[in-house]
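Contents: one structure, followed by commentary.
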Amino acid sequence: MDPDSFQDLDSLSTDAGTLNDAASASVAATNYSSTAAATSSSSSSSSSSPAALSRYENQKRRDWNTFGQYLRNHRPPLSLSRCSGAHVLEFLRYLDQFGKTKVHTQLCPFFGYPNPPAPCPCPLRQAWGSLDALVGRLRAAFEENGGNPEANPFAARAVRLYLREVRDLQSKARGVSYEKKKRKRPPPQAPGLPPSSEDQ
């Protein structure tokens, strides 16, 4: 595989996002656009035209194509029906080499510092948020492409545990909290005081 053809997940929203077959992804996107245009023109007599795909749907389609390319390049090649949670983990770990998020080791003096004052040799990894969003999109795409929801490898327990482990590790290493912030409740109002004798 050509590493240069796969961008970091943080910048996938503006890239084709394929591993080493950007040309074929471009052709697929062109064919998709042509099909959509033909469908739109054929239904021009109707009162409404088909809505354009959302950014999320476009990203999900690119992610699905990327994962399909990964399966085809796997040795030996893997079919989707034989894909398991273990293969998803293998895919996620493979993506780490293209990451751009500095994750400090425990031996690093900047371990736990969100804004280290100097560079360090710690490895770059995919950010937990990017991996979590990617798995969510691929889980939905798997079922939309005919996969059995009960056998969805992206929903496997091993994948959930891995994402939790990455979240906790990166949270400690980078000094960043991934916990959802709880909304502050307005302070309770003091109960109404009985009217004074002067008001009566």
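Lettering and numbering for the structure tokens are positional, with chains as A, B, ... in the shown order, residues counted from 1 in each chain, and ligands counted from 1 in the shown order.
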I'd like the contact shell of Leu131 in chain A - 12 Å cut-off, only C-alpha atoms, skipping same-chain residues fewer than 2 positions apart - returned as a ChimeraX atom specification. /A:8-10,12,63,88-89,91-96,99,101,125-129,133-138,154,159-160,162-167
I'd like to know which of A:Gly68, A:Pro77, A:Gly85, A:Pro114 is closest to Pro153 in chain A, using only C-alpha atoms.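 Checking each candidate against Pro153 in chain A, we get A:Gly85 as the closest.
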Can you pull out the residues contacting range 115-117 of chain A? Cut-off 10 Å, using only C-alpha atoms, and skip same-chain residues under 3 positions away; I want them as a count of residues only. 9
As a PyMOL selection string, please: all residues of range 109-144 of chain A that backbone DSSP puts in helix (DSSP H, G or I). chain A and resi 128-144
